[in-house]
Amino acid sequence: MQFTDLGLSAELLRAIGEQGYTTPTPVQLQAIPHILAGRDLEALAQTGTGKTAAFVLPLLQRLTHPLSGQTGSPLQKVIHTAPRVLVLVPTRELAAQVTESVRIYGAHTGIRSLAVFGGVGINPQIQTMRRGIDILVATPGRLLDHLGQRTVDLSKVQTLVLDEADRMFDMGFIRDIRRIIERLPKIRQNLMFSATFAAEVRELAHTVLKNPALVEVARRNAPAELVSHAVIKVDKEQKRDLLLHLFEAHGWHQVLVFCRTKHGADALARKLEQSGVRTAALHGNKSQNARTRALADFKSGKLAALVATDIAARGLDIDSLPRVVNFELPNVPEDYIHRIGRTGRAGASGEALSLVSSEERVELRDIERLLKREIATSVVPGFEPQHNNSVPRAAAGRPPAHKPAQARTRSGTGDRSGAPRSPRPARSGAGGAKPASHHSGQRHH
Ligand code: AMP
């Protein structure tokens, strides 16, 4: 089964081709026909399964080809300024990811989208909204702010998507969601994606979805089982030399290296290249041509290393790699799963190697908590850390004393998406608070 068999339009197939995707993932195969037909949908799919494209692609199709022979009522093709699709997400990271997917898959459609989340100025969001958007991606808190100020018009919404519904519960957004839903037209299509079918998720599905199609997919990759994880402790200043040493000592090829920032990716790629490791950097500042060329060279084996940022690496069809290296750990533990999803797919073994400095111990602990296991650490002779590099491991390897999703919320994502409206229980235990500086910036790509 190919993308062409799903009845997607030429513009979408072109964008899919540009990403290098050849076959739809299981959730895409199952969900796209239902969404095209205008049905409600309840999907159990984790991040990493291709779930974003599973709803973005058919919704783009319905927005741009309202009369494409589908059975459901089409999304109307009239020039609107108010959004016709509303995607509710728990965090600003996910909002940014979904709008990035709309931008990538909708590159040849002219569809306009906007991400609306807290923690940044509201005025630019208002101005963009005034110019007209088709797909609005929002965190609940900030969307309610807009509703309160009457700066958003939800009266034209024809499809509602609840993405990562389980996390929205964990973050206390349920009341906000219900208040938003009250403001939507009664007749609409509803899609809900969740990683779990917890009782509360089912309950919401019951009240919101009408005769939904059910889609359930296995994880695309099972990182904890298929990938071997390793940490090398090293001082931050030594990381570049250590990475170079590893390339030289092991004759590595086809290694995808992750950095947090564009600037860091460029600097590292330069250093590797200057030292004789064929390398390209991949990030949001690179032209589409440069990205396509880098990817082709990497896949063909011309390049030994591709240094990427998280967002640039999304949407690229590079998987089944022998090795992924985290030159820096991601701020958000879920991004670790995204990153390592590039290796060890389809039963092949893969290695996820992280170079971790003492500054990153909190991130490491959050990742271990998410994986529910401790990652073995080692040092490389000649690169032993000089700074205190001890990592508090208390929470890894055994179930945390609180809900893991709350841990994620506190430590990585939720704080930045606008505060949940419902009060959250105070968290106790080791490692609860992370210095504010970890949260302050927007993510670079
Ligand atoms: P998601 O589950 O939406 O977070 O997607 C996980 C990753 O899979 C993203 O990096 C996507 O770009 C990528 N992806 C989505 N669909 C496909 C596909 N059909 N083939 C290969 N990669 C895909």
# chains A, B, ... in the order shown; residues from 1 in each chain; ligands from 1
>>> residues_near_ligand(ligand="ligand 1", cutoff="9 Å", atoms="only C-alpha atoms and all ligand atoms", output="ChimeraX atom specification")
/A:3,16,19-26,28,45-54,94,97-98,101,220,311,313-319,338-339,341-342
>>> select_by_dssp(residues="segment 51-190 of chain A", states="strand (DSSP E or B)", output="PyMOL selection string")
chain A and resi 85-88+113-116+135-138+159-162+189-190
>>> residues_around(residues="Val87 of chain A", least_positions_apart="5", cutoff="7 Å", atoms="only C-alpha atoms", output="PDB file with N, CA, C and O atoms, in the first residue's frame")
ATOM      1  N   LEU A 136      -5.786  26.227  12.891  1.00  0.00           N
ATOM      2  CA  LEU A 136      -5.304  26.832  14.128  1.00  0.00           C
ATOM      3  C   LEU A 136      -4.860  25.720  15.071  1.00  0.00           C
ATOM      4  O   LEU A 136      -5.619  24.787  15.340  1.00  0.00           O
ATOM      5  N   VAL A 137      -3.624  25.807  15.530  1.00  0.00           N
ATOM      6  CA  VAL A 137      -3.088  24.812  16.459  1.00  0.00           C
ATOM      7  C   VAL A 137      -2.862  25.538  17.785  1.00  0.00           C
ATOM      8  O   VAL A 137      -2.154  26.546  17.811  1.00  0.00           O
ATOM      9  N   ALA A 138      -3.463  25.066  18.859  1.00  0.00           N
ATOM     10  CA  ALA A 138      -3.431  25.880  20.071  1.00  0.00           C
ATOM     11  C   ALA A 138      -3.318  25.040  21.337  1.00  0.00           C
ATOM     12  O   ALA A 138      -3.813  23.915  21.402  1.00  0.00           O
ATOM     13  N   LEU A 160     -12.356  19.304  14.640  1.00  0.00           N
ATOM     14  CA  LEU A 160     -11.609  19.486  15.888  1.00  0.00           C
ATOM     15  C   LEU A 160     -10.672  18.289  16.044  1.00  0.00           C
ATOM     16  O   LEU A 160     -11.102  17.144  15.911  1.00  0.00           O
ATOM     17  N   VAL A 161      -9.407  18.557  16.330  1.00  0.00           N
ATOM     18  CA  VAL A 161      -8.462  17.474  16.617  1.00  0.00           C
ATOM     19  C   VAL A 161      -7.984  17.645  18.053  1.00  0.00           C
ATOM     20  O   VAL A 161      -7.526  18.729  18.437  1.00  0.00           O
ATOM     21  N   LEU A 162      -8.092  16.600  18.841  1.00  0.00           N
ATOM     22  CA  LEU A 162      -7.513  16.602  20.186  1.00  0.00           C
ATOM     23  C   LEU A 162      -6.276  15.722  20.119  1.00  0.00           C
ATOM     24  O   LEU A 162      -6.371  14.507  19.999  1.00  0.00           O
ATOM     25  N   ASP A 163      -5.115  16.347  20.145  1.00  0.00           N
ATOM     26  CA  ASP A 163      -3.875  15.579  19.986  1.00  0.00           C
ATOM     27  C   ASP A 163      -3.255  15.330  21.362  1.00  0.00           C
ATOM     28  O   ASP A 163      -3.244  16.228  22.203  1.00  0.00           O
TER      29      ASP A 163
END
>>> residues_around(residues="Leu86 of chain A", least_positions_apart="6", cutoff="12 Å", atoms="only C-alpha atoms", output="CSV table (one decimal) with C-alpha atoms, in the first residue's frame")
chain,number,residue,atom,x,y,z
A,55,PHE,CA,-4.4,13.7,10.5
A,56,VAL,CA,-2.6,16.6,8.8
A,59,LEU,CA,-7.3,17.5,6.6
A,95,ALA,CA,1.9,23.1,18.7
A,98,VAL,CA,2.1,20.3,14.3
A,99,THR,CA,2.3,23.7,12.5
A,113,SER,CA,-1.7,27.7,9.8
A,114,LEU,CA,-0.9,29.3,13.1
A,115,ALA,CA,0.4,28.0,16.4
A,116,VAL,CA,-1.1,29.8,19.4
A,133,ILE,CA,-5.7,31.2,8.7
A,134,ASP,CA,-7.1,27.8,7.8
A,135,ILE,CA,-5.7,25.6,10.6
A,136,LEU,CA,-5.3,26.8,14.1
A,137,VAL,CA,-3.1,24.8,16.5
A,138,ALA,CA,-3.4,25.9,20.1
A,139,THR,CA,-2.8,25.1,23.7
A,140,PRO,CA,-6.0,25.4,25.7
A,143,LEU,CA,-6.8,29.8,23.2
A,152,VAL,CA,-10.4,34.4,17.7
A,153,ASP,CA,-13.5,33.3,15.8
A,154,LEU,CA,-14.2,29.6,16.2
A,155,SER,CA,-17.6,29.7,14.4
A,156,LYS,CA,-16.2,28.2,11.2
A,157,VAL,CA,-14.5,25.2,12.7
A,158,GLN,CA,-15.4,22.1,10.8
A,159,THR,CA,-12.9,19.7,12.3
A,160,LEU,CA,-11.6,19.5,15.9
A,161,VAL,CA,-8.5,17.5,16.6
A,162,LEU,CA,-7.5,16.6,20.2
A,163,ASP,CA,-3.9,15.6,20.0
A,177,ILE,CA,-11.1,21.8,26.7
A,180,ILE,CA,-13.5,25.5,24.2
A,181,ILE,CA,-15.7,22.7,22.8
A,183,ARG,CA,-17.8,27.4,21.7
A,184,LEU,CA,-17.5,25.3,18.5
A,185,PRO,CA,-20.2,24.7,16.0
A,188,ARG,CA,-18.3,19.1,13.1
A,189,GLN,CA,-15.8,16.3,12.6
A,190,ASN,CA,-13.9,15.2,15.8
A,191,LEU,CA,-10.6,13.4,15.9
A,192,MET,CA,-8.9,12.3,19.0
>>> atom_distance(atom1="atom CA of Ala195 of chain A", atom2="atom CA of Val102 of chain A")
21.2 Å
>>> residues_around(residues="Tyr105 of chain A", least_positions_apart="6", cutoff="7 Å", atoms="only C-alpha atoms", output="ChimeraX atom specification")
/A:12,15-16,57
>>> residues_around(residues="segment 233-250 of chain A", least_positions_apart="5", cutoff="12 Å", atoms="only C-alpha atoms", output="ChimeraX atom specification")
/A:255-259,264-265,267-279,304-305,307,323,325-329,353-361,364,375-391
>>> select_by_dssp(residues="segment 59-131 of chain A", states="helix (DSSP H, G or I)", output="list in words")
Leu59, Leu60, Gln61, Arg62, Leu63, Thr64, Arg92, Glu93, Leu94, Ala95, Ala96, Gln97, Val98, Thr99, Glu100, Ser101, Val102, Arg103, Ile104, Tyr105, Asn123, Pro124, Gln125, Ile126, Gln127, Thr128, Met129, Arg130 and Arg131 of chain A
>>> atom_distance(atom1="atom CA of Asp166 of chain A", atom2="atom CA of Pro33 of chain A")
24.0 Å
